[in-house]
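Undergrad: There's a structure below that I have some questions on.
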Amino acid sequence: MNRRTWLQGLFATAAGSALSGLAGAAAAPQAKDIDAMQKNWRTLLAAGVNTPAPTDKVKLANDEWRKRLDKTQFNVLREEGTERAGTSPLNAEKRAGVFACAGCDLPLFTSEMKYESGTGWPSFFTTIPGVFATKKDFHLLYPRTEYHCARCGGHHGHIFDDGPKPTGLRYCNNGVALKFIPKSAKA
Ligand SMILES: [Zn+2]
């Protein structure tokens, strides 16, 4: 190999890694992508599905909630319980679509906002805007930020600050508190 061929080879390798570096950067979501996900969440909603607004409040007595929800759902949504890690089929849900509140059908997250956190609970790095209210809870010794549905008040999970960039947030959601609406029945 003469020096020229060697240099060309070196350049090709460098260009190759620069390109794969760029491709990697393009794959990671940027702040503007988060804005777009929040703004355009309806593009992941199945055709013909009518969804309520966060302002259209649902207030029911506990007896009514017990009729609507199964035992685990009632415990999580109305009593701030936590399902056992790894039990939700939604951990493995990878289809395009929307995750709505199991209590009141309010859309909360899209499939684009979900990521694999490895915790055993469905995890999201952002939400559809305006769908949650938060409060500090002291169920454990340290304060955690609990979040609940803005429409029905149902408890969904806790927010942690160890999520992926650019939000750095992890919405750790109980799977039983969610219902998944696939964008397409075929997907
Ligand atoms: Zn709700």
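As shown in the structure tokens, the chain order sets the letters A, B, ...; within each chain, residues go from 1, and ligands are also counted from 1 in the order they appear.
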Residues up to 12 Å from ligand 1, counting only C-alpha atoms and all ligand atoms: could you list those as number ranges by chain?

TA: A: 51-60, 65, 69, 73-74, 76-78, 99-108, 131-133, 147-156, 177-179

Undergrad: Go ahead and dump the residues you just picked, C-alpha atoms, as a CSV table (one decimal), in the first residue's frame.

TA:
```csv
chain,number,residue,atom,x,y,z
A,51,THR,CA,-61.5,12.0,23.0
A,52,PRO,CA,-62.5,14.1,26.0
A,53,ALA,CA,-60.8,17.3,27.1
A,54,PRO,CA,-58.9,17.7,30.4
A,55,THR,CA,-61.4,20.5,31.4
A,56,ASP,CA,-64.4,18.1,31.0
A,57,LYS,CA,-64.1,16.9,34.6
A,58,VAL,CA,-65.3,13.5,35.9
A,59,LYS,CA,-66.3,13.4,39.6
A,60,LEU,CA,-67.7,10.1,40.9
A,65,TRP,CA,-65.5,4.1,40.6
A,69,LEU,CA,-62.7,-0.2,37.6
A,73,GLN,CA,-57.2,-0.3,38.8
A,74,PHE,CA,-59.2,1.1,41.7
A,76,VAL,CA,-53.9,2.5,41.8
A,77,LEU,CA,-56.2,5.2,40.4
A,78,ARG,CA,-58.3,6.0,43.5
A,99,PHE,CA,-52.2,5.8,25.9
A,100,ALA,CA,-55.4,7.1,27.6
A,101,CYS,CA,-56.5,7.2,31.3
A,102,ALA,CA,-58.2,3.9,32.2
A,103,GLY,CA,-60.6,5.9,34.5
A,104,CYS,CA,-61.8,8.5,32.1
A,105,ASP,CA,-60.4,8.0,28.6
A,106,LEU,CA,-58.3,11.2,28.6
A,107,PRO,CA,-55.3,10.8,26.2
A,108,LEU,CA,-52.1,11.1,28.2
A,131,VAL,CA,-53.2,16.3,31.1
A,132,PHE,CA,-51.6,15.9,34.5
A,133,ALA,CA,-51.6,17.8,37.9
A,147,TYR,CA,-49.0,12.9,39.2
A,148,HIS,CA,-52.7,12.5,38.5
A,149,CYS,CA,-55.1,12.8,35.6
A,150,ALA,CA,-56.4,16.4,35.2
A,151,ARG,CA,-59.8,15.1,34.2
A,152,CYS,CA,-60.8,12.4,36.8
A,153,GLY,CA,-58.1,13.0,39.4
A,154,GLY,CA,-56.9,9.3,39.1
A,155,HIS,CA,-53.4,8.6,40.4
A,156,HIS,CA,-51.0,7.4,37.6
A,177,ALA,CA,-54.1,3.0,34.9
A,178,LEU,CA,-53.7,3.1,31.1
A,179,LYS,CA,-55.6,1.9,28.2
```

Undergrad: Using only C-alpha atoms, what table do you get, as a tab-separated table, when you list each residue of range 62-118 of chain A with an atom no more than 7 Å from range 169-176 of chain A, its nearest pair of atoms, and their distance in Å rounded to one decimal, rows by chain then rising number?

TA:
```
residue	atom	partner	partner_atom	distance
A:Gln73	CA	A:Val176	CA	5.6
A:Thr82	CA	A:Asn174	CA	6.6
A:Glu83	CA	A:Asn174	CA	6.2
A:Ser88	CA	A:Gly175	CA	5.2
A:Leu90	CA	A:Gly175	CA	6.0
```

Undergrad: Looking at A:Lys32, A:Arg144, A:Arg84, A:Arg68, which one is nearest to Phe160 in chain A, with distances taken over only C-alpha atoms?

TA: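 Smallest separation from Phe160 in chain A among the options: A:Arg144.
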
Undergrad: Using 12 Å as the limit and counting only C-alpha atoms, can you tabulate each residue of range 34-106 of chain A that touches range 135-143 of chain A, with its shortest atom-to-atom distance in Å and the two atoms involved, as a tab-separated table?

TA:
```
residue	atom	partner	partner_atom	distance
A:Glu79	CA	A:His139	CA	12.0
A:Glu80	CA	A:His139	CA	9.7
A:Gly81	CA	A:His139	CA	10.4
A:Thr82	CA	A:His139	CA	11.4
```

Undergrad: Only N, CA and C atoms, please: the residues just picked out, written as a compact mmCIF listing (two decimals), in the first residue's frame.

TA:
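Output file again00.txt is given in full below:
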```
# COMPACT_ATOMS: atom_id res chain seq x y z
N GLU A 79 -56.64 4.97 45.09
CA GLU A 79 -56.00 4.85 46.40
C GLU A 79 -54.48 5.02 46.33
N GLU A 80 -54.00 5.49 45.17
CA GLU A 80 -52.57 5.75 44.96
C GLU A 80 -51.72 4.51 45.21
N GLY A 81 -52.25 3.34 44.85
CA GLY A 81 -51.46 2.12 44.95
C GLY A 81 -50.46 2.01 43.81
N THR A 82 -49.62 0.97 43.85
CA THR A 82 -48.64 0.72 42.79
C THR A 82 -48.72 -0.74 42.39
```

Undergrad: If you measure from CA of His158 in chain A to CA of Lys183 in chain A, what distance in Å do you get, rounded to one decimal?

TA: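 These two atoms are separated by 26.4 Å.
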
Undergrad: Check the DSSP output for the backbone and give back, as a list of chain:residue names, the residues of range 105-159 of chain A in strand (DSSP E).

TA: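 Residues meeting the strand (DSSP E) criterion: A:Pro107, A:Leu108, A:Phe109, A:Thr110, A:Lys114, A:Tyr115, A:Ser123, A:Phe124, A:Phe132, A:Ala133, A:Thr134, A:Lys135, A:Lys136, A:Asp137, A:Arg144, A:Thr145, A:Glu146, A:Tyr147, A:His148, A:Cys149, A:His155, A:His156, A:Gly157, A:His158, A:Ile159.
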
Undergrad: Create the file for the chosen residues now, containing C-alpha atoms and written as a PDB file, in the first residue's frame.

TA:
```pdb
ATOM      1  CA  PRO A 107     -55.338  10.799  26.184  1.00  0.00           C
ATOM      2  CA  LEU A 108     -52.140  11.108  28.241  1.00  0.00           C
ATOM      3  CA  PHE A 109     -49.166   9.885  26.177  1.00  0.00           C
ATOM      4  CA  THR A 110     -48.381   8.754  22.630  1.00  0.00           C
ATOM      5  CA  LYS A 114     -42.606   5.957  25.489  1.00  0.00           C
ATOM      6  CA  TYR A 115     -39.186   4.445  26.135  1.00  0.00           C
ATOM      7  CA  SER A 123     -42.168   4.825  31.110  1.00  0.00           C
ATOM      8  CA  PHE A 124     -42.490   8.064  29.176  1.00  0.00           C
ATOM      9  CA  PHE A 132     -51.639  15.944  34.547  1.00  0.00           C
ATOM     10  CA  ALA A 133     -51.564  17.762  37.855  1.00  0.00           C
ATOM     11  CA  THR A 134     -48.815  16.999  40.376  1.00  0.00           C
ATOM     12  CA  LYS A 135     -48.304  16.975  44.107  1.00  0.00           C
ATOM     13  CA  LYS A 136     -45.559  15.880  46.479  1.00  0.00           C
ATOM     14  CA  ASP A 137     -46.216  12.660  48.327  1.00  0.00           C
ATOM     15  CA  ARG A 144     -41.699  12.104  45.378  1.00  0.00           C
ATOM     16  CA  THR A 145     -43.691  13.947  42.753  1.00  0.00           C
ATOM     17  CA  GLU A 146     -46.962  12.106  42.253  1.00  0.00           C
ATOM     18  CA  TYR A 147     -49.013  12.921  39.160  1.00  0.00           C
ATOM     19  CA  HIS A 148     -52.679  12.452  38.521  1.00  0.00           C
ATOM     20  CA  CYS A 149     -55.117  12.785  35.646  1.00  0.00           C
ATOM     21  CA  HIS A 155     -53.376   8.608  40.359  1.00  0.00           C
ATOM     22  CA  HIS A 156     -51.040   7.379  37.593  1.00  0.00           C
ATOM     23  CA  GLY A 157     -47.502   7.285  38.954  1.00  0.00           C
ATOM     24  CA  HIS A 158     -44.461   9.351  39.889  1.00  0.00           C
ATOM     25  CA  ILE A 159     -42.077  11.621  37.975  1.00  0.00           C
TER      26      ILE A 159
END
```

Undergrad: Got a sec: who's within 7 Å of Gln38 in chain A, counting only C-alpha atoms, leaving out chain neighbours fewer than 3 positions off, as a PyMOL selection string?

TA: chain A and resi 34-35+41+127-129

Undergrad: So which one's closest to Glu93 in chain A, A:Ser111, A:Thr167, A:Ala46, A:Lys71? Using only C-alpha atoms, please.

TA: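 For Glu93 in chain A, the nearest of the given residues is A:Ser111.
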
Undergrad: Return the single residue from A:Gly86, A:Glu116, A:Gly130, A:Ala185 that is closest to Gly163 in chain A, with distances computed using only C-alpha atoms.

TA: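 Nearest candidate to Gly163 in chain A out of A:Gly86, A:Glu116, A:Gly130, A:Ala185: A:Glu116.
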
Undergrad: Smallest atom-to-atom distance to Ala96 in chain A: which of A:Ala31, A:Ala36, A:Arg42, A:Gly120, using only C-alpha atoms?

TA: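 Ranked by minimum distance to Ala96 in chain A, first place goes to A:Arg42.
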
Undergrad: Please, what distance in Å, to one decimal, runs between CA of Asn91 in chain A and CA of Leu44 in chain A?

TA: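 Computing it gives 18.4 Å between the two atoms.
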